[in-house]
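Trainee: Take this structure, written in structure tokens, and hold onto it; I'll ask about it next.
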Amino acid sequence: MQLLNSALARLSEDYLGGISVDRVVTVVGVLLSYVLAHAFQRIPARMAAAKHIFSIVSTIFLFGPVQEQYTGLIHMAVGSAAIYGLIRWIKSAYMPYIVFLAAMLHMSYSHIQRQIHERSTGAVVMDYTGAQMVFVIKVTSLAFCVYDGRPNVVHPHMSAYQRKNAISRVPGVLEYLGYVFFFAGFSVGPAFELATYRKMIALDDTRARRQLPRRAYRKLLEGAFWMVIYVAYSNVYTYQAMTKPQFYAHRSLLSSALYMCTTGLVVRSAYYTAWKMGEGACILAGLGFDGYDAHGAVQWMDIANVHVRGVELGSSLRQLIDSWNVGTNTWLRHHVYLRISRTPADGARASSTRATVLTFLVSAWWHGFYPGYYLTFVLIALAANAARILRRNLHAIAALPADNHASALRRCVKCVYDVAGWILSKYTLDFAAAPFMVLSLQPSMQLWRDNYFV
């Protein structure tokens with residue numbers, strides 16, 4: 001819709017501080033999905049096929065005419081057909097790994113094409129690769145879940161999560177496409193398992209549906225708050241500014257560190273905006289319904305892609321990492337880390353450091369091929385292992401007794417320990433994230449060097 005993009009370009013220039021139009025269009029697409037979600041949840045559960053079709057058509061509308069990502073639609077249509085064929089027809093134990101490799105290689109081609117375009121134009125844009133990253137999580141997770149659910153295969157070392165989401169039969173084509181092209185989370189996530197999608201399709205409870213708007217629009221308001229933060233400060237605090245020598249002319253190391261931490265918060269606010277708004281749209285459609293407890297009360301699973309409080313107030317690097325990009329972390333943990341940290345023969349646990357580094361490298365590959373991604377994820381992997389060792393040795397000193405009866409000195413030590421952990425973890429995250437945003441190798445290394453690699 002050229003007319004829509006022109007109007008949004010004027011809106012961005014006049015009121016939004018010149019934020020790139022592609023970002024504004026993405027937010028508009030997410031907001032439109034709220035309207036579509038209201039209609040989606042009113043389709044009766046007995047009309048599952050109608051729900052699948054509605055989801056597919058809505059995605060084609062939002063990602064095609066609204067966001068004008070027609071190339072991306074073609075890529076994912078072809079990719080979904082190829083992946084479905086692999087899942088259905090390959091019977092060997094290597095099926096999920098073949099699917100994983102095929103999906104990642106296809107996405108790698110898209111990443112390379114994007115980087116070539118960005119290098120030639122000098123502008124970083126939001127294209128279909130973001131949606132394709134969510135797509136890859138879904139189809140590879142599905143492949144592993146189908147493999148885990150095969151009745152003739154013994155999986156003695158499956159996690160509770162893997163057992164819960166195992167699929168005994170390959171889904172039909174329509175259900176598969178409805179899941180892969182689910183409109184509310186297609187562009188920005190969250191990613192989720194087919195079992196979660198099926199529970200949403202089967203939702204036919206008036207009590208549960210009445211809870212959806214309040215829960216959904218609370219997430220929308222939270223996303224709007226972070227959008228205000230990003231619009232107000234995204235031109236003031238940037239990692240790119242820290243790559244220039246003049247930035248350090250009249251700044252102390254402490255001043256640079258404070259600027260870096262503020263920049264990290266502003267950068268994250270863009271992700272908070274997209275993820276919280278996307279989460280709200282998914283909730284409004286009914287995603288997250290998890291049946292009933294023993295007393296008949298409706299249960300909801302956590303489908304959040306980010307826990308803001310955990311990221312901003314977490315006292316350990318592990319807590320920060322686990323609270324960020326939760327859907328991707330879940331995928332990496334259960335479909336990458338746990339599958340390479342045990343040997344197939346006897347389930348013996350392999351080196352956790354090796355598994356951690358390999359998992360972070362897969363995460364970097366999933367993000368693309370900019371050198372900055374690899375600098376960030378390798379440093380985060382090493383820092384996470386160092387933090388785990390440090391915490392293992394110091395936690396006993398600061399931990400409060402089980403009965404919570406501790407002296408004032410012990411409580412003071414615990415408070416200092418938590419505050420120090422929060423400061424070190426936050427700065428480590430913001431320092432490590434700098435190359436992720438700068439992207440190129442030389443400016444990233446220069447930024448680290450100008451901050452004395454600390």
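Numbering starts fresh at 1 for the residues of each chain in the structure tokens, the chains themselves are lettered A, B, ... in the order given, and ligands are numbered from 1 as they appear.
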If we count only C-alpha atoms, what is near Phe183 of chain A at a cut-off of 9 Å, once residues fewer than 6 positions away on the same chain are taken out, given as a PyMOL selection string?

Mentor: chain A and resi 33+36-37+54-60+62-63+282

Trainee: Give me the residues within 6 Å of segment 226-230 of chain A as a PyMOL selection string, counting only C-alpha atoms and dropping any in the same chain fewer than 6 places off.

Mentor: chain A and resi 266+269-270+273

Trainee: Grab the residues selected above and save them as a CSV table (one decimal), in the first residue's frame with N, CA and C atoms.

Mentor:
chain,number,residue,atom,x,y,z
A,266,VAL,N,17.6,2.1,25.9
A,266,VAL,CA,16.8,2.7,24.8
A,266,VAL,C,16.7,1.7,23.6
A,269,SER,N,14.2,-0.9,24.3
A,269,SER,CA,12.8,-0.4,24.3
A,269,SER,C,12.1,-0.7,23.0
A,270,ALA,N,12.9,-0.7,21.9
A,270,ALA,CA,12.3,-1.0,20.6
A,270,ALA,C,11.9,-2.4,20.5
A,273,THR,N,8.8,-2.8,22.7
A,273,THR,CA,7.6,-2.3,22.0
A,273,THR,C,7.0,-3.4,21.1

Trainee: Could you give me, as JSON, numbers by chain, each residue of segment 56-292 of chain A that DSSP assigns to strand (DSSP E or B) when run on this structure's backbone?

Mentor: {"A": [289, 290, 291, 292]}

Trainee: Could you write out that same residue set with all heavy atoms as a PDB file, in the first residue's frame?

Mentor:
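File written: out-v2.pdb
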ATOM      1  N   PHE A 289      -3.842 -20.333  26.149  1.00  0.00           N
ATOM      2  CA  PHE A 289      -4.825 -21.112  26.893  1.00  0.00           C
ATOM      3  C   PHE A 289      -4.231 -22.479  27.218  1.00  0.00           C
ATOM      4  O   PHE A 289      -3.701 -23.167  26.350  1.00  0.00           O
ATOM      5  CB  PHE A 289      -6.105 -21.268  26.069  1.00  0.00           C
ATOM      6  CG  PHE A 289      -7.120 -22.175  26.697  1.00  0.00           C
ATOM      7  CD1 PHE A 289      -7.778 -21.807  27.859  1.00  0.00           C
ATOM      8  CD2 PHE A 289      -7.419 -23.403  26.118  1.00  0.00           C
ATOM      9  CE1 PHE A 289      -8.717 -22.652  28.442  1.00  0.00           C
ATOM     10  CE2 PHE A 289      -8.353 -24.252  26.687  1.00  0.00           C
ATOM     11  CZ  PHE A 289      -9.008 -23.872  27.852  1.00  0.00           C
ATOM     12  N   ASP A 290      -4.314 -22.885  28.495  1.00  0.00           N
ATOM     13  CA  ASP A 290      -3.655 -24.120  28.934  1.00  0.00           C
ATOM     14  C   ASP A 290      -4.593 -25.003  29.746  1.00  0.00           C
ATOM     15  O   ASP A 290      -4.167 -25.693  30.678  1.00  0.00           O
ATOM     16  CB  ASP A 290      -2.405 -23.781  29.756  1.00  0.00           C
ATOM     17  CG  ASP A 290      -1.427 -24.936  29.852  1.00  0.00           C
ATOM     18  OD1 ASP A 290      -1.481 -25.828  28.971  1.00  0.00           O
ATOM     19  OD2 ASP A 290      -0.613 -24.964  30.792  1.00  0.00           O
ATOM     20  N   GLY A 291      -5.861 -24.963  29.400  1.00  0.00           N
ATOM     21  CA  GLY A 291      -6.816 -25.844  30.063  1.00  0.00           C
ATOM     22  C   GLY A 291      -7.269 -25.324  31.418  1.00  0.00           C
ATOM     23  O   GLY A 291      -7.337 -24.104  31.643  1.00  0.00           O
ATOM     24  N   TYR A 292      -7.523 -26.234  32.340  1.00  0.00           N
ATOM     25  CA  TYR A 292      -8.107 -25.877  33.631  1.00  0.00           C
ATOM     26  C   TYR A 292      -7.346 -26.584  34.749  1.00  0.00           C
ATOM     27  O   TYR A 292      -6.776 -27.663  34.560  1.00  0.00           O
ATOM     28  CB  TYR A 292      -9.582 -26.273  33.666  1.00  0.00           C
ATOM     29  CG  TYR A 292     -10.367 -25.780  32.480  1.00  0.00           C
ATOM     30  CD1 TYR A 292     -10.489 -26.564  31.337  1.00  0.00           C
ATOM     31  CD2 TYR A 292     -10.967 -24.531  32.488  1.00  0.00           C
ATOM     32  CE1 TYR A 292     -11.190 -26.114  30.230  1.00  0.00           C
ATOM     33  CE2 TYR A 292     -11.670 -24.069  31.397  1.00  0.00           C
ATOM     34  CZ  TYR A 292     -11.778 -24.853  30.262  1.00  0.00           C
ATOM     35  OH  TYR A 292     -12.464 -24.403  29.163  1.00  0.00           O
TER      36      TYR A 292
END

Trainee: Could you give me the residues within segment 55-135 of chain A that DSSP places in alpha helix (DSSP H), as a count of residues only?

Mentor: 61

Trainee: With segment 322-333 of chain A as the partner and 8 Å as the cut-off, tabulate the residues of segment 178-286 of chain A that qualify, each row holding the nearest pair of atoms and their distance in Å to one decimal, using only C-alpha atoms, sorted by chain and rising number, as JSON lines.

Mentor:
{"residue": "A:Pro190", "atom": "CA", "partner": "A:Gly327", "partner_atom": "CA", "distance": 6.1}
{"residue": "A:Ala191", "atom": "CA", "partner": "A:Gly327", "partner_atom": "CA", "distance": 5.6}
{"residue": "A:Phe192", "atom": "CA", "partner": "A:Gly327", "partner_atom": "CA", "distance": 6.9}

Trainee: How about saving the chosen residues, all heavy atoms kept, as a compact mmCIF listing (two decimals), in the first residue's frame?

Mentor:
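Below is the file that was written, selection-v7.txt:
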# COMPACT_ATOMS: atom_id res chain seq x y z
N PRO A 190 5.48 -13.80 19.49
CA PRO A 190 6.37 -14.87 19.94
C PRO A 190 6.22 -16.16 19.14
O PRO A 190 5.17 -16.42 18.56
CB PRO A 190 5.93 -15.09 21.39
CG PRO A 190 4.47 -14.74 21.37
CD PRO A 190 4.34 -13.60 20.40
N ALA A 191 7.31 -16.96 19.12
CA ALA A 191 7.24 -18.29 18.55
C ALA A 191 6.69 -19.24 19.61
O ALA A 191 6.82 -18.99 20.81
CB ALA A 191 8.63 -18.74 18.10
N PHE A 192 6.08 -20.34 19.16
CA PHE A 192 5.45 -21.26 20.09
C PHE A 192 5.33 -22.62 19.42
O PHE A 192 5.53 -22.76 18.20
CB PHE A 192 4.07 -20.75 20.52
CG PHE A 192 3.21 -20.29 19.37
CD1 PHE A 192 2.40 -21.18 18.70
CD2 PHE A 192 3.25 -18.97 18.96
CE1 PHE A 192 1.62 -20.76 17.62
CE2 PHE A 192 2.48 -18.54 17.89
CZ PHE A 192 1.67 -19.44 17.22
